[in-house]
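Asker: Next up, work21.csv (CSV, C-alpha atoms).
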```csv
chain,number,residue,atom,x,y,z
X,598,VAL,CA,-21.4,3.4,-15.6
X,599,PHE,CA,-18.5,1.1,-14.9
X,600,THR,CA,-17.0,1.0,-11.4
X,601,TYR,CA,-14.0,-1.1,-10.3
X,602,ALA,CA,-15.0,-2.7,-7.1
X,603,GLY,CA,-13.0,-1.6,-4.1
X,604,SER,CA,-11.9,1.7,-5.7
X,605,ASP,CA,-13.1,5.1,-6.7
X,606,LEU,CA,-12.3,4.3,-10.3
X,607,ARG,CA,-15.3,4.7,-12.6
X,608,VAL,CA,-16.1,5.6,-16.2
X,609,ALA,CA,-19.3,6.3,-18.1
X,610,SER,CA,-20.3,5.7,-21.7
X,611,GLU,CA,-22.1,8.3,-23.8
X,612,HIS,CA,-25.9,8.2,-23.7
X,613,ARG,CA,-28.1,7.2,-26.6
X,614,GLU,CA,-31.3,9.1,-27.2
X,615,ALA,CA,-34.8,7.5,-27.0
X,616,THR,CA,-34.1,3.9,-27.8
X,617,LEU,CA,-34.8,0.4,-26.3
X,618,SER,CA,-31.9,-1.2,-28.3
X,619,PRO,CA,-28.9,1.2,-28.0
X,620,THR,CA,-25.6,0.6,-29.8
X,621,TRP,CA,-22.5,2.2,-28.4
X,622,LYS,CA,-19.4,0.7,-30.0
X,623,GLN,CA,-17.4,2.9,-27.6
X,624,GLU,CA,-14.0,2.1,-26.0
X,625,LEU,CA,-13.4,3.2,-22.4
X,626,ILE,CA,-10.3,2.9,-20.2
X,627,LEU,CA,-9.9,2.4,-16.5
X,628,PRO,CA,-6.3,2.5,-15.0
X,629,ILE,CA,-6.7,-0.7,-12.9
X,630,GLU,CA,-3.2,-1.5,-11.7
X,631,GLU,CA,-3.6,-4.7,-9.6
X,632,PHE,CA,-6.0,-6.4,-7.3
X,633,GLN,CA,-6.1,-8.1,-4.0
X,634,LYS,CA,-6.7,-11.8,-4.3
X,635,SER,CA,-10.0,-12.9,-2.9
X,636,VAL,CA,-12.5,-15.7,-3.3
X,637,GLU,CA,-14.8,-13.7,-5.6
X,638,GLY,CA,-11.9,-12.1,-7.5
X,639,PRO,CA,-11.8,-8.7,-9.0
X,640,HIS,CA,-14.9,-7.4,-10.8
X,641,LEU,CA,-16.6,-4.5,-12.4
X,642,SER,CA,-19.9,-3.2,-11.1
X,643,VAL,CA,-22.0,-1.9,-14.1
X,644,LYS,CA,-25.0,0.3,-13.7
X,645,LEU,CA,-27.5,1.4,-16.5
X,646,GLU,CA,-28.9,4.8,-16.1
X,647,SER,CA,-31.5,6.8,-17.9
X,648,VAL,CA,-30.2,10.3,-18.5
X,649,ALA,CA,-33.6,11.8,-19.1
X,650,SER,CA,-35.2,10.6,-15.9
X,651,GLY,CA,-32.0,10.2,-13.8
X,652,SER,CA,-33.2,6.8,-12.6
X,653,SER,CA,-31.4,3.4,-12.6
X,654,MET,CA,-32.4,0.8,-15.2
X,655,GLY,CA,-30.6,-2.0,-13.4
X,656,THR,CA,-27.1,-3.3,-12.6
X,657,PHE,CA,-24.9,-6.3,-13.1
X,658,GLU,CA,-21.3,-7.4,-12.3
X,659,VAL,CA,-18.6,-8.7,-14.6
X,660,PRO,CA,-15.6,-10.8,-13.4
X,661,LEU,CA,-12.2,-9.6,-14.6
X,662,ARG,CA,-10.2,-12.8,-14.4
X,663,PRO,CA,-11.3,-14.0,-17.9
X,664,ALA,CA,-10.0,-10.7,-19.2
X,665,MET,CA,-6.5,-11.0,-17.9
X,666,HIS,CA,-4.3,-10.5,-21.0
X,667,SER,CA,-7.2,-11.9,-23.0
X,668,LEU,CA,-10.2,-10.6,-24.9
X,669,TYR,CA,-13.3,-11.5,-23.0
X,670,ARG,CA,-16.6,-10.8,-24.7
X,671,THR,CA,-20.0,-11.7,-23.1
X,672,TRP,CA,-23.7,-10.8,-22.7
X,673,CYS,CA,-24.8,-9.9,-19.2
X,674,ALA,CA,-28.3,-10.0,-17.9
X,675,VAL,CA,-29.5,-6.8,-16.2
X,676,MET,CA,-30.4,-7.4,-12.5
X,677,PRO,CA,-32.6,-5.3,-10.2
X,678,ASP,CA,-30.9,-2.5,-8.3
X,679,ALA,CA,-31.0,-2.1,-4.5
X,680,ASP,CA,-34.6,-0.7,-4.7
X,681,GLY,CA,-35.8,-4.0,-6.1
X,682,LYS,CA,-37.6,-2.4,-9.1
X,683,GLU,CA,-38.3,-4.8,-11.9
X,684,VAL,CA,-35.9,-4.5,-14.8
X,685,LYS,CA,-35.0,-6.4,-17.9
X,686,GLY,CA,-32.5,-6.4,-20.8
X,687,ARG,CA,-29.1,-7.7,-21.7
X,688,VAL,CA,-25.8,-5.8,-22.4
X,689,GLU,CA,-22.9,-7.0,-24.5
X,690,ILE,CA,-19.5,-5.9,-23.4
X,691,ALA,CA,-15.9,-6.8,-24.3
X,692,LEU,CA,-13.0,-6.5,-21.8
X,693,TYR,CA,-9.2,-6.7,-22.1
X,694,TRP,CA,-7.1,-6.3,-19.0
X,695,GLY,CA,-3.6,-5.7,-20.1
X,696,TYR,CA,-0.4,-3.9,-19.2
X,697,ASN,CA,0.5,-0.3,-20.1
X,698,PRO,CA,4.1,0.5,-19.2
X,699,GLU,CA,3.2,4.2,-19.0
X,700,LEU,CA,0.9,3.5,-16.1
X,701,ALA,CA,3.1,1.2,-14.2
X,702,TYR,CA,4.2,2.0,-10.6
X,703,GLU,CA,7.0,-0.3,-9.6
X,704,PRO,CA,9.5,1.6,-7.3
X,705,TYR,CA,12.8,-0.2,-6.5
X,706,GLU,CA,12.2,-2.7,-9.4
X,707,GLU,CA,15.8,-1.9,-10.6
X,708,GLU,CA,17.3,-2.5,-7.2
X,709,VAL,CA,19.8,-5.4,-7.1
X,710,ASP,CA,21.1,-7.1,-4.0
X,711,GLU,CA,24.7,-6.1,-4.5
X,712,TYR,CA,25.9,-7.1,-1.0
X,713,PRO,CA,24.0,-10.3,-0.1
X,714,THR,CA,26.5,-11.1,2.7
X,715,LYS,CA,26.5,-7.7,4.2
X,716,VAL,CA,24.2,-6.5,7.0
X,717,ARG,CA,21.1,-4.7,5.6
X,718,ASN,CA,20.9,-1.2,6.9
X,719,GLU,CA,18.4,0.7,4.7
X,720,LEU,CA,14.7,0.3,4.2
X,721,LEU,CA,13.1,1.5,1.0
X,722,LEU,CA,9.3,1.8,1.5
X,723,ALA,CA,6.5,2.7,-0.8
X,724,VAL,CA,2.8,3.1,0.2
X,725,VAL,CA,0.8,2.2,-3.0
X,726,ARG,CA,-2.9,2.3,-2.2
X,727,ALA,CA,-5.6,1.1,0.2
X,728,ARG,CA,-9.1,-0.2,-0.3
X,729,ASP,CA,-12.4,-0.5,1.6
X,730,LEU,CA,-11.3,1.6,4.5
X,731,ALA,CA,-13.7,2.0,7.4
X,732,PRO,CA,-15.7,5.2,7.3
X,733,LYS,CA,-14.7,7.9,9.8
X,734,LYS,CA,-16.5,7.5,13.1
X,735,GLY,CA,-19.1,10.1,14.1
X,736,GLY,CA,-19.0,12.1,17.3
X,737,LEU,CA,-21.7,12.9,19.8
X,738,PHE,CA,-23.4,15.3,17.4
X,739,SER,CA,-22.2,14.1,14.0
X,740,THR,CA,-22.4,11.0,11.9
X,741,GLY,CA,-19.6,9.2,10.1
X,742,GLY,CA,-18.7,9.7,6.5
X,743,LEU,CA,-15.8,9.4,4.0
X,744,PRO,CA,-12.5,9.5,5.8
X,745,SER,CA,-9.4,11.6,4.8
X,746,PRO,CA,-6.8,8.9,5.5
X,747,SER,CA,-3.0,9.0,5.9
X,748,VAL,CA,-0.7,6.1,6.5
X,749,ARG,CA,2.0,5.9,9.3
X,750,LEU,CA,4.7,3.2,9.1
X,751,ARG,CA,6.8,2.5,12.2
X,752,VAL,CA,9.1,-0.1,13.6
X,753,PRO,CA,8.4,-0.2,17.4
X,754,GLY,CA,11.5,0.4,19.5
X,755,THR,CA,13.3,2.3,16.7
X,756,ASP,CA,13.4,5.7,15.1
X,757,VAL,CA,11.8,4.3,11.9
X,758,GLU,CA,8.6,6.2,11.5
X,759,VAL,CA,7.2,7.9,8.4
X,760,THR,CA,3.8,9.3,7.4
X,761,THR,CA,2.2,9.9,4.0
X,762,THR,CA,0.2,13.0,3.1
X,763,LYS,CA,-3.5,12.9,3.6
X,764,ARG,CA,-6.0,11.9,0.8
X,765,LYS,CA,-9.3,13.6,1.1
X,766,ASN,CA,-12.7,12.0,1.3
X,767,THR,CA,-12.1,8.5,0.1
X,768,GLN,CA,-12.3,4.9,1.3
X,769,HIS,CA,-10.0,3.8,-1.5
X,770,PRO,CA,-7.0,6.2,-1.4
X,771,VAL,CA,-4.1,6.1,-3.9
X,772,PHE,CA,-0.8,7.3,-2.3
X,773,LYS,CA,2.2,6.2,-4.4
X,774,GLU,CA,4.6,7.8,-1.9
X,775,GLU,CA,8.2,6.5,-1.2
X,776,PHE,CA,10.5,6.7,1.8
X,777,LYS,CA,14.0,5.8,2.8
X,778,GLN,CA,14.9,4.9,6.4
X,779,GLU,CA,18.1,3.8,8.0
X,780,TYR,CA,17.4,0.5,9.8
X,781,GLU,CA,19.7,-2.3,10.9
X,782,ALA,CA,18.2,-5.1,12.9
X,783,SER,CA,19.9,-6.0,16.1
X,784,ASP,CA,19.3,-9.7,15.2
X,785,GLU,CA,18.8,-10.3,11.4
X,786,ARG,CA,17.3,-13.7,12.2
X,787,LYS,CA,14.5,-11.8,14.0
X,788,PRO,CA,14.3,-8.5,12.2
X,789,GLY,CA,11.1,-7.3,13.8
X,790,LEU,CA,7.7,-6.1,12.6
X,791,MET,CA,6.5,-3.0,10.9
X,792,GLU,CA,3.2,-1.5,12.0
X,793,VAL,CA,1.1,0.0,9.3
X,794,ILE,CA,-1.4,2.4,10.8
X,795,VAL,CA,-4.2,4.1,8.7
X,796,GLU,CA,-5.5,7.2,10.4
X,797,HIS,CA,-8.1,9.9,10.0
X,798,ASN,CA,-7.3,13.0,12.0
X,799,LYS,CA,-5.1,10.9,14.3
X,800,LYS,CA,-8.0,8.4,14.9
X,801,VAL,CA,-7.0,4.9,13.9
X,802,LEU,CA,-9.1,3.4,11.1
X,803,GLY,CA,-7.1,0.2,10.9
X,804,ILE,CA,-3.8,-1.5,11.7
X,805,GLY,CA,-1.7,-4.0,9.6
X,806,ILE,CA,1.5,-5.8,10.4
X,807,LEU,CA,4.3,-6.3,7.9
X,808,PRO,CA,6.9,-8.9,9.0
X,809,LEU,CA,10.3,-7.6,8.0
X,810,SER,CA,11.6,-11.2,7.7
X,811,GLY,CA,9.6,-11.4,4.4
X,812,VAL,CA,11.2,-8.2,3.1
X,813,ARG,CA,14.6,-9.5,4.0
X,814,ARG,CA,13.9,-12.9,2.3
X,815,GLU,CA,12.5,-11.5,-0.9
X,816,PHE,CA,14.8,-8.4,-1.0
X,817,ARG,CA,11.9,-6.5,-2.7
X,818,LEU,CA,8.4,-7.4,-1.6
X,819,ARG,CA,5.1,-6.2,-2.9
X,820,GLN,CA,2.3,-7.2,-0.5
X,821,TRP,CA,-1.4,-6.5,0.3
X,822,LEU,CA,-2.0,-6.4,4.1
X,823,THR,CA,-5.3,-6.8,5.9
X,824,LEU,CA,-6.1,-3.9,8.2
X,825,LYS,CA,-8.0,-4.6,11.4
X,826,ASP,CA,-10.0,-2.3,13.7
X,827,PRO,CA,-7.9,-1.9,16.9
X,828,GLU,CA,-11.0,-2.2,19.0
X,829,THR,CA,-13.1,-5.0,17.5
X,830,ARG,CA,-10.2,-6.7,15.6
X,831,ASN,CA,-12.5,-7.1,12.6
X,832,ALA,CA,-11.1,-6.5,9.1
X,833,SER,CA,-11.4,-2.9,8.1
X,834,GLY,CA,-9.9,-2.7,4.7
X,835,SER,CA,-6.5,-3.6,3.1
X,836,ILE,CA,-3.4,-1.8,2.0
X,837,CYS,CA,-0.7,-2.4,-0.6
X,838,LEU,CA,3.0,-1.8,0.3
X,839,ILE,CA,6.3,-2.3,-1.4
X,840,GLY,CA,9.4,-2.8,0.7
X,841,CYS,CA,13.1,-3.3,-0.1
X,842,TRP,CA,15.8,-3.9,2.5
X,843,ARG,CA,19.3,-3.4,1.2
X,844,HIS,CA,22.8,-2.8,2.3
X,845,ASN,CA,24.0,0.8,1.7
X,846,PRO,CA,27.8,1.2,2.2
X,847,ALA,CA,27.4,4.9,2.7
X,848,LEU,CA,25.5,4.2,6.0
X,849,VAL,CA,28.0,1.8,7.5
X,850,PHE,CA,29.4,2.9,10.8
X,851,ASP,CA,33.0,1.8,10.9
X,852,PRO,CA,34.9,3.3,13.9
X,853,PHE,CA,38.6,3.2,14.2
X,854,GLY,CA,39.0,2.2,10.6
X,855,GLY,CA,42.3,1.3,9.1
X,856,PRO,CA,45.1,-1.1,10.0
X,857,VAL,CA,46.2,-1.7,13.5
X,858,ILE,CA,49.6,-0.1,14.1
X,859,HIS,CA,52.1,-0.2,17.0
X,860,LYS,CA,51.0,-3.7,18.0
X,861,ASP,CA,54.4,-4.1,19.7
X,862,ARG,CA,53.9,-1.1,22.1
X,863,LEU,CA,52.2,-0.9,25.4
X,864,GLN,CA,48.6,0.4,25.2
X,865,ASN,CA,48.2,3.9,26.5
X,866,GLU,CA,44.9,5.0,24.8
X,867,LEU,CA,41.4,3.6,24.9
X,868,GLN,CA,39.2,4.6,22.0
X,869,ILE,CA,35.4,4.3,22.7
X,870,SER,CA,32.7,4.3,20.1
X,871,VAL,CA,29.0,4.8,21.0
X,872,TYR,CA,26.8,3.5,18.2
X,873,ARG,CA,23.1,3.4,19.2
X,874,CYS,CA,20.5,2.5,21.7
X,875,ARG,CA,16.9,1.2,21.4
X,876,CYS,CA,13.7,0.9,23.4
X,877,LEU,CA,14.5,3.6,26.0
X,878,PRO,CA,11.5,4.6,28.1
X,879,LEU,CA,9.7,8.0,28.0
X,880,ARG,CA,10.3,10.5,30.7
X,881,GLU,CA,8.0,10.6,33.7
X,882,ASN,CA,6.1,13.5,32.1
X,883,GLY,CA,5.6,11.5,28.9
X,884,ASN,CA,8.1,13.4,26.8
X,885,VAL,CA,10.8,11.9,24.7
X,886,PRO,CA,14.2,12.0,26.3
X,887,SER,CA,17.4,13.5,24.9
X,888,PRO,CA,20.0,10.9,26.0
X,889,SER,CA,23.7,11.0,26.2
X,890,VAL,CA,26.2,8.4,27.4
X,891,SER,CA,28.9,8.8,30.1
X,892,VAL,CA,31.7,6.4,30.6
```
Spit out the file's structure as structure tokens when you get a sec.
Answerer:
Amino acid sequence: VFTYAGSDLRVASEHREATLSPTWKQELILPIEEFQKSVEGPHLSVKLESVASGSSMGTFEVPLRPAMHSLYRTWCAVMPDADGKEVKGRVEIALYWGYNPELAYEPYEEEVDEYPTKVRNELLLAVVRARDLAPKKGGLFSTGGLPSPSVRLRVPGTDVEVTTTKRKNTQHPVFKEEFKQEYEASDERKPGLMEVIVEHNKKVLGIGILPLSGVRREFRLRQWLTLKDPETRNASGSICLIGCWRHNPALVFDPFGGPVIHKDRLQNELQISVYRCRCLPLRENGNVPSPSVSV
């Protein structure tokens, strides 16, 4: 049984009847899209099982770096499982980690920065996947277990806030959900931060921070973020996002457009445009206000 570490992806070979030297010559496929860079690097966890007894015959791990766009063939020694039971044997496997365009998920890849000198006013966001999320916390009469996570993205002090649908019973959810949000920074030199909040039934499992300055600089940014437990500040998983911040002419607010006329006449009309406001406080009862402006 092959399992891609940090995911729910796994695949199993056929079993071979009553033999100490099985030969498979079988090709298996795992849709592994990308990996989070780490010291140990991506790897497969492989477990040998006896179908007849249902017991483990040992395990081993295989690094994937040597298989990146290259055939990697190797013999692996079987190691004891968690129970420490003595095992022996070697397994020969061959790996090739390549690119299949039919499996690619690259939203906004065709986007072009058509207006590099214009103010960016639209965020394109995609939540790709998360890995190694914290288990859900148990209550007074229950224990923890697999979470059913959703992801909330928000820019504090603005109306930018979106939430993915829930993924049931997994610490390694795949979302592949996309959002469009109107957003124009009040100061493009300090465009702010986006909070990435992973939740289970409104209980926070982890929080990550995406600096929008990086999205502005790269125009389209694909990035893994480390999630941290809001109480202990310890790492509690990671999440992959794609962000694109562009100028959309259709969203431009241009009051009093057109040429100035009657410049030689005395002014007798004042035109006032109210655009937007940010960071208003909640009402005393905690509700969100419904503001208007009087002049």
Asker: Within 7 Å of X:Ala691, counting all atoms listed in the file, which residues show up once you throw out same-chain ones fewer than 5 positions away? Write them as a compact mmCIF listing (two decimals) with C-alpha atoms, keeping the file's coordinate frame, please.
Answerer:
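The resulting file, selection_37.txt, is reproduced below:
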```
# COMPACT_ATOMS: atom_id res chain seq x y z
CA LEU X 668 -10.20 -10.60 -24.90
CA TYR X 669 -13.30 -11.50 -23.00
CA ARG X 670 -16.60 -10.80 -24.70
CA THR X 671 -20.00 -11.70 -23.10
```
Asker: Skip stretch 811-819 of chain X itself and residues of its chain fewer than 2 positions away, then list as an mmCIF file with C-alpha atoms, in the coordinates of the input all residues within 9 Å of it, counting all atoms listed in the file.
Answerer:
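The file below, selection-v7.cif, is the result:
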```cif
data_model
loop_
_atom_site.group_PDB
_atom_site.id
_atom_site.type_symbol
_atom_site.label_atom_id
_atom_site.label_comp_id
_atom_site.auth_asym_id
_atom_site.auth_seq_id
_atom_site.Cartn_x
_atom_site.Cartn_y
_atom_site.Cartn_z
ATOM 1 C CA TYR X 705 12.800 -0.200 -6.500
ATOM 2 C CA GLU X 706 12.200 -2.700 -9.400
ATOM 3 C CA GLU X 708 17.300 -2.500 -7.200
ATOM 4 C CA VAL X 709 19.800 -5.400 -7.100
ATOM 5 C CA ASP X 710 21.100 -7.100 -4.000
ATOM 6 C CA ARG X 717 21.100 -4.700 5.600
ATOM 7 C CA LEU X 721 13.100 1.500 1.000
ATOM 8 C CA GLU X 785 18.800 -10.300 11.400
ATOM 9 C CA PRO X 788 14.300 -8.500 12.200
ATOM 10 C CA LEU X 807 4.300 -6.300 7.900
ATOM 11 C CA PRO X 808 6.900 -8.900 9.000
ATOM 12 C CA LEU X 809 10.300 -7.600 8.000
ATOM 13 C CA TRP X 821 -1.400 -6.500 0.300
ATOM 14 C CA CYS X 837 -0.700 -2.400 -0.600
ATOM 15 C CA LEU X 838 3.000 -1.800 0.300
ATOM 16 C CA ILE X 839 6.300 -2.300 -1.400
ATOM 17 C CA GLY X 840 9.400 -2.800 0.700
ATOM 18 C CA CYS X 841 13.100 -3.300 -0.100
ATOM 19 C CA TRP X 842 15.800 -3.900 2.500
ATOM 20 C CA ARG X 843 19.300 -3.400 1.200
#
```
Asker: Pull the neighbourhood of (-5.6, -8.7, 5.3) for me: all residues within 12 Å in file coordinates, counting only C-alpha atoms, as a PyMOL selection string.
Answerer: chain X and resi 633-635+727-730+793+803-807+820-826+830-837
Asker: List as a ChimeraX atom specification the protein and nucleic acid residues near X:His797, meaning an atom at most 9 Å away when all atoms listed in the file are counted, but skip any in the same chain fewer than 5 places from it.
Answerer: /X:733,744-747,763,802
Asker: Give me, please, the distance in Å between atom CA of X:Glu624 and atom CA of X:Gly603, quoted to one decimal.
Answerer: 22.2 Å
Asker: When you look at stretch 655-659 of chain X with a cut-off of 10 Å (counting only C-alpha atoms), what residues show up, excluding the ones that are within fewer than 3 positions of it in the same chain? I need them as a ChimeraX atom specification.
Answerer: /X:598-602,639-647,652,662-664,671-688,690,692
Asker: For the selection just defined, write its residues with C-alpha atoms to a file, as a PDB file, in the frame of the given file.
Answerer:
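To be explicit, this is the file written out as selection.pdb:
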```
ATOM      1  CA  VAL X 598     -21.400   3.400 -15.600  1.00  0.00           C
ATOM      2  CA  PHE X 599     -18.500   1.100 -14.900  1.00  0.00           C
ATOM      3  CA  THR X 600     -17.000   1.000 -11.400  1.00  0.00           C
ATOM      4  CA  TYR X 601     -14.000  -1.100 -10.300  1.00  0.00           C
ATOM      5  CA  ALA X 602     -15.000  -2.700  -7.100  1.00  0.00           C
ATOM      6  CA  PRO X 639     -11.800  -8.700  -9.000  1.00  0.00           C
ATOM      7  CA  HIS X 640     -14.900  -7.400 -10.800  1.00  0.00           C
ATOM      8  CA  LEU X 641     -16.600  -4.500 -12.400  1.00  0.00           C
ATOM      9  CA  SER X 642     -19.900  -3.200 -11.100  1.00  0.00           C
ATOM     10  CA  VAL X 643     -22.000  -1.900 -14.100  1.00  0.00           C
ATOM     11  CA  LYS X 644     -25.000   0.300 -13.700  1.00  0.00           C
ATOM     12  CA  LEU X 645     -27.500   1.400 -16.500  1.00  0.00           C
ATOM     13  CA  GLU X 646     -28.900   4.800 -16.100  1.00  0.00           C
ATOM     14  CA  SER X 647     -31.500   6.800 -17.900  1.00  0.00           C
ATOM     15  CA  SER X 652     -33.200   6.800 -12.600  1.00  0.00           C
ATOM     16  CA  ARG X 662     -10.200 -12.800 -14.400  1.00  0.00           C
ATOM     17  CA  PRO X 663     -11.300 -14.000 -17.900  1.00  0.00           C
ATOM     18  CA  ALA X 664     -10.000 -10.700 -19.200  1.00  0.00           C
ATOM     19  CA  THR X 671     -20.000 -11.700 -23.100  1.00  0.00           C
ATOM     20  CA  TRP X 672     -23.700 -10.800 -22.700  1.00  0.00           C
ATOM     21  CA  CYS X 673     -24.800  -9.900 -19.200  1.00  0.00           C
ATOM     22  CA  ALA X 674     -28.300 -10.000 -17.900  1.00  0.00           C
ATOM     23  CA  VAL X 675     -29.500  -6.800 -16.200  1.00  0.00           C
ATOM     24  CA  MET X 676     -30.400  -7.400 -12.500  1.00  0.00           C
ATOM     25  CA  PRO X 677     -32.600  -5.300 -10.200  1.00  0.00           C
ATOM     26  CA  ASP X 678     -30.900  -2.500  -8.300  1.00  0.00           C
ATOM     27  CA  ALA X 679     -31.000  -2.100  -4.500  1.00  0.00           C
ATOM     28  CA  ASP X 680     -34.600  -0.700  -4.700  1.00  0.00           C
ATOM     29  CA  GLY X 681     -35.800  -4.000  -6.100  1.00  0.00           C
ATOM     30  CA  LYS X 682     -37.600  -2.400  -9.100  1.00  0.00           C
ATOM     31  CA  GLU X 683     -38.300  -4.800 -11.900  1.00  0.00           C
ATOM     32  CA  VAL X 684     -35.900  -4.500 -14.800  1.00  0.00           C
ATOM     33  CA  LYS X 685     -35.000  -6.400 -17.900  1.00  0.00           C
ATOM     34  CA  GLY X 686     -32.500  -6.400 -20.800  1.00  0.00           C
ATOM     35  CA  ARG X 687     -29.100  -7.700 -21.700  1.00  0.00           C
ATOM     36  CA  VAL X 688     -25.800  -5.800 -22.400  1.00  0.00           C
ATOM     37  CA  ILE X 690     -19.500  -5.900 -23.400  1.00  0.00           C
ATOM     38  CA  LEU X 692     -13.000  -6.500 -21.800  1.00  0.00           C
TER      39      LEU X 692
END
```
Asker: In Å, how far is it from atom CA of X:Ala649 to atom CA of X:Thr616?
Answerer: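 These two atoms are separated by 11.8 Å.
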Asker: If you measure from atom CA of X:Cys876 to atom CA of X:Leu790, what distance in Å do you get, rounded to one decimal?
Answerer: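 That distance, rounded to one decimal, is 14.2 Å.
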Asker: Point out the residue among X:Asn766, X:Thr755, X:Ser610, X:Ser891 with the least atom-to-atom distance to X:Ile869, counting only C-alpha atoms.
Answerer: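 Of all the options, X:Ser891 lies closest to X:Ile869.
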Asker: Please report, as AutoDock Vina command-line options, the centre and edge lengths in Å to one decimal of an axis-aligned box covering all listed atoms of stretch 765-771 of chain X with 4 Å per side.
Answerer:
```
--center_x -8.4 --center_y 8.7 --center_z -1.3 --size_x 16.6 --size_y 17.8 --size_z 13.2
```
Asker: Would you list the residues near (23.5, -0.4, 2.6), meaning any protein, DNA or RNA residue with an atom at most 9 Å from that point in file coordinates, counting all atoms listed in the file, as a list in words?
Answerer: Tyr712, Lys715, Val716, Arg717, Asn718, Glu719, Leu720, Glu779, Trp842, Arg843, His844, Asn845, Pro846, Ala847, Leu848 and Val849 of chain X
